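Okay, structure first, notes after.
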Amino acid sequence: MHSHINILLAKEVTESFRSHRFLIWTIICGFFGILSPLSAFYMPNILALIGSTQNIVLTMTEITYRDAVDQYVKNFTQLGSILMIFLAMGSVAGEKADGSLQFLVVRPITYRLILCSKMLAMVFMAGSGIGIAVIFSSLYACYLFPGFPLIQFMQSNLLLMLYLVVIGVMTISVSAMVKKPVVAGLCSLGLWLLFSMFGSLGGSGEYSFTRLGTEMIRITEGFSMSLKPFVSSLVILIGGSEGSLQVFKRWEPYQ
Amino acid sequence: MAMIEVDHITKRYREVDALKGISLSVRQGTVFGFLGPNGAGKTTLMRILAGLIEPTSGNFRINGVANEAMKKHVGYLAQQPSFYPWMTGRELLRFSGKLYGMASTEIEQRISELLELCGMQHAADRKIGGYSGGMLQRLGIAQAILHRPRVTLLDEPASALDPVGRKDVLDLITRLREETTIFMSSHILEDVQRVCDEVAIISQGSIILHENMKSLLESHARPYMSLRFATSSGACAFLTLLESQSVVGVVESDFKVAIAEADYHKKYSQIMRMLAEHDLQLDSISRQAETLEDVFMHHIKEERKHA
C-alpha cells in the first residue's frame, strides 16, 4: 500500500506538470506574491493619478504592510479559490469522462488510494504555489514596508495553505461524486459561495473555513487566532473525502 | 482446473436486467470466445470479471480467488481502451507494472518483449494522445498481459485493427494460450472460430449455448451444397424451381444457391433434370460446411423467435 501511494502520487504530480496545471498555478501564485505589496504601496500614486484626471483630490491614510497583507489575502481567497476549483475539478471526473479511470480501477489498488493520491498531489501543488508567493511577497514587502513582520507572515501562510487545501479537497471530493468536470466545477463553486456567505454572518459564521483569511491577517498582526474556522475545515477534509469515497466506490463506467 | 468460475451472476441497471443468472466455468489454458449481439451483456460480464463493476447478485472466482485480490491475476483490455494521453506507451506500461508490484528490471525486460510482440517499438516513446485506434488496441493488449496474468479478458481485441493487425493479434492470442487463460469477446466470428477452443453465446442476458468449438461445429454446423450459376437470373429461376419441388434453397449471393447436403443427395436426379430442362448454366458445385457465423445466426434467430 505504501509503495502504491508513491506510484500513484508520482503519476499525479507528473500529470500536473505535463498538463501545465502546476505551471499555471505557481505562476499565478508568484504573480499574487509580487502584485500584493506593489499594488498596496503604489495605490496612493495610482489614485492620485486617477483623481488628477477627474479634477478631484483623494486623500488616504498612510499605507502600511497591513494593506499589502490584506491585498495578498484577498487575491488568494477570491481569485486563488476560483483558480484552485478550476484546476482540481477534472481530477476524478475528467478521468471518468475520458475512460482512463478504468485503467486504475481494474488494478489491485483501492479507491481510497486513488482519491488520496489526487488529494496529496493537490496539497503539493498548493504548497508549492504558496511557497513561491511567500518568497516573492516577503522580498517586496520587506523592501517596501520597513518593519514587515516576516516570521508572523510566514506562519500565517500555513492558514492560507489550509484554506486552499480545503477548497482543493472539496473540489476533488465533488469531482469523485459526479461524472463531468464542469458539473464538479459548478458544484464546488456553489459550495464555496455558500461557505463564503455563511462566513460573512456573525456568530455561527465564525465556524466557516472562509474565515481562515481573516485569521491569517490577525496572526500577521500578532494577535492570537480563533480555532473556530478549523471546525468546518476538518468537517470538509474528513467528512467530505470519506463521503465522496463511498459514492466513488459505487462508480460504474458508462454502459 | 477451472480458472474462471461464474455462479448465477445477475446485473440490473434500473429497469433493465443486463445479466440474468449467468453461470459458466472456463478451464485453465482455454481460449474462450464469448459471443452475442450488441447489448446482450458481453461487456457487462467482462467488466464484472475485471473487477470494474459489482454484480447485483451471484459470485465469481478467478484462479480460485473471490475477493479484490483476484485483480492481481487478471489482465483486462476494454472494448474502447482509453489511457492517459500525456504518458508515452512505455511510461504507461512501466506505471502498470509498478502497480502490479513487478520489479523494475522485470518490467523493463517485459516491456521490450511486449513492444516487439505487439509491433509497438516505433511508437513506444510517443505520447499516447497521438496514437491511432489500432495503436491503442495494441498497447491495450500489451498492458493487459504485462504482468503475466492467469486470466486475460479481451473485449473485442481486434475491432479497431486493420487486416494485418488482426492477424497479428490472433497469432498473439494463439501463442498466449501457453501462459494464460483467455476470455475474449468478438464480433468477428471468423476470428473466434480460428482461435477459440470453447465458445458461449449470450443473448438478452442469458447464455443460450456453451460448447467446445470442435463439437459445436460438428453437431450444429450442417454441411450444404453451394451451386454457383453463370447469371443471377439463373440462380433466381433455380430457386423458384426448387420451391415447386418442395426443396428448401437459400440464396447465398446473387449467383449462389445453397441446399442442405441431405436434400441435395435425396433429390439429386430431380435437381439435375431441372438444370438440364431449363438450360440453367452452372459454374460450380461445392460442398460447404456451416461456419460459426451460421451457427451464431441460427441460434440468435431462434432465441428472438422464442422471445
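Labels used: A, B, ... for chains in the order of the C-alpha cells, numbers from 1 for residues in each chain, and numbers from 1 for ligands as shown.
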Please find the residues of chain A near chain B - the criterion being any atom within 6 Å, counting only C-alpha atoms - and write them as a ChimeraX atom specification. /A:99-100,106-108,252
Where does DSSP see strand (DSSP E) in region 18-249 of chain B, if you list the residues as number ranges by chain? B: 18-27, 31-35, 57-62, 74-77, 151-155, 181-185, 198-203, 206-212, 223-229, 249
Shortest interatomic distance to Val73 (chain A) - which of A:Phe153, A:Tyr42, A:Phe17, A:Trp25, counting only C-alpha atoms: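 Among the listed residues, A:Phe153 lies closest to Val73 (chain A).
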Can you list, as an MDAnalysis selection string, all residues belonging to region 112-155 of chain B that DSSP tags as alpha helix (DSSP H)? chainID B and resid 112:117 133:145
Using only C-alpha atoms, find the one residue out of A:Gly80, A:Gly213, A:Gly243, A:Gly94 that sits nearest to Ser175 (chain A).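 Among A:Gly80, A:Gly213, A:Gly243, A:Gly94, it is A:Gly94 that comes nearest to Ser175 (chain A).
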Would you list the contacts of Ala124 (chain B) as a ChimeraX atom specification, taking every protein, DNA or RNA residue within 8 Å and counting only C-alpha atoms, but skipping same-chain residues closer than 3 positions in sequence? /B:88-90,115,120-121
Residues near Asp70 (chain A), cut-off 10 Å, only C-alpha atoms, skip fewer than 5 positions along chain, as number ranges by chain: A: 36-37, 40, 65, 75, 213-214, 216-217
Non-local contacts of Leu164 (chain A) (12 Å; only C-alpha atoms; under 6 positions in same chain excluded) as a VMD selection string: chain A and resid 25 29 73 76 to 85 87 to 88 119 122 to 130 157 to 158 170 to 171 192 209 to 210 212 to 213 233 237
May I have the residues within 12 Å of Met184 (chain B) as a PyMOL selection string, using only C-alpha atoms and disregarding those fewer than 3 positions away in the same chain? chain B and resi 26+30-36+42-43+45-47+49+75-79+141+151-159+169-170+173+181+187-189+191-193+195-201
List the neighbours of Asp279 (chain B) out to 12 Å using only C-alpha atoms; skip same-chain residues closer than 6 positions along the sequence, and give me the result as a list in words.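 Selected residues are Phe229, Ala230, Thr231, Ser233, Gly234, Ala235, Ala237, Phe238, Met272 and Arg273 of chain B.
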Just the selected residues (N, CA, C and O atoms), exported as a PDB file, in the first residue's frame, please.
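The result, written out as part.pdb:
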```
ATOM      1  N   PHE B 229     -24.215 -20.181 -60.183  1.00  0.00           N
ATOM      2  CA  PHE B 229     -24.732 -20.063 -61.549  1.00  0.00           C
ATOM      3  C   PHE B 229     -23.964 -19.005 -62.330  1.00  0.00           C
ATOM      4  O   PHE B 229     -23.323 -18.135 -61.748  1.00  0.00           O
ATOM      5  N   ALA B 230     -24.085 -19.105 -63.666  1.00  0.00           N
ATOM      6  CA  ALA B 230     -23.376 -18.142 -64.516  1.00  0.00           C
ATOM      7  C   ALA B 230     -24.031 -16.774 -64.441  1.00  0.00           C
ATOM      8  O   ALA B 230     -23.360 -15.759 -64.578  1.00  0.00           O
ATOM      9  N   THR B 231     -25.365 -16.783 -64.235  1.00  0.00           N
ATOM     10  CA  THR B 231     -26.077 -15.495 -64.158  1.00  0.00           C
ATOM     11  C   THR B 231     -26.944 -15.469 -62.897  1.00  0.00           C
ATOM     12  O   THR B 231     -27.333 -16.525 -62.386  1.00  0.00           O
ATOM     13  N   SER B 233     -29.979 -14.354 -62.864  1.00  0.00           N
ATOM     14  CA  SER B 233     -31.339 -14.767 -63.254  1.00  0.00           C
ATOM     15  C   SER B 233     -31.448 -16.289 -63.207  1.00  0.00           C
ATOM     16  O   SER B 233     -32.492 -16.834 -62.840  1.00  0.00           O
ATOM     17  N   GLY B 234     -30.351 -16.955 -63.553  1.00  0.00           N
ATOM     18  CA  GLY B 234     -30.313 -18.421 -63.475  1.00  0.00           C
ATOM     19  C   GLY B 234     -30.512 -18.885 -62.041  1.00  0.00           C
ATOM     20  O   GLY B 234     -31.271 -19.832 -61.770  1.00  0.00           O
ATOM     21  N   ALA B 235     -29.847 -18.201 -61.110  1.00  0.00           N
ATOM     22  CA  ALA B 235     -29.963 -18.558 -59.684  1.00  0.00           C
ATOM     23  C   ALA B 235     -31.393 -18.340 -59.198  1.00  0.00           C
ATOM     24  O   ALA B 235     -31.964 -19.179 -58.489  1.00  0.00           O
ATOM     25  N   ALA B 237     -34.173 -18.322 -61.060  1.00  0.00           N
ATOM     26  CA  ALA B 237     -35.047 -19.311 -61.702  1.00  0.00           C
ATOM     27  C   ALA B 237     -34.916 -20.664 -61.000  1.00  0.00           C
ATOM     28  O   ALA B 237     -35.915 -21.355 -60.745  1.00  0.00           O
ATOM     29  N   PHE B 238     -33.701 -21.026 -60.655  1.00  0.00           N
ATOM     30  CA  PHE B 238     -33.458 -22.308 -59.986  1.00  0.00           C
ATOM     31  C   PHE B 238     -34.152 -22.345 -58.611  1.00  0.00           C
ATOM     32  O   PHE B 238     -34.744 -23.354 -58.235  1.00  0.00           O
ATOM     33  N   MET B 272     -30.782 -32.298 -61.162  1.00  0.00           N
ATOM     34  CA  MET B 272     -30.011 -32.334 -62.408  1.00  0.00           C
ATOM     35  C   MET B 272     -30.944 -32.194 -63.618  1.00  0.00           C
ATOM     36  O   MET B 272     -30.617 -31.506 -64.593  1.00  0.00           O
ATOM     37  N   ARG B 273     -32.117 -32.842 -63.503  1.00  0.00           N
ATOM     38  CA  ARG B 273     -33.083 -32.772 -64.599  1.00  0.00           C
ATOM     39  C   ARG B 273     -33.558 -31.312 -64.763  1.00  0.00           C
ATOM     40  O   ARG B 273     -33.640 -30.805 -65.877  1.00  0.00           O
TER      41      ARG B 273
END
```
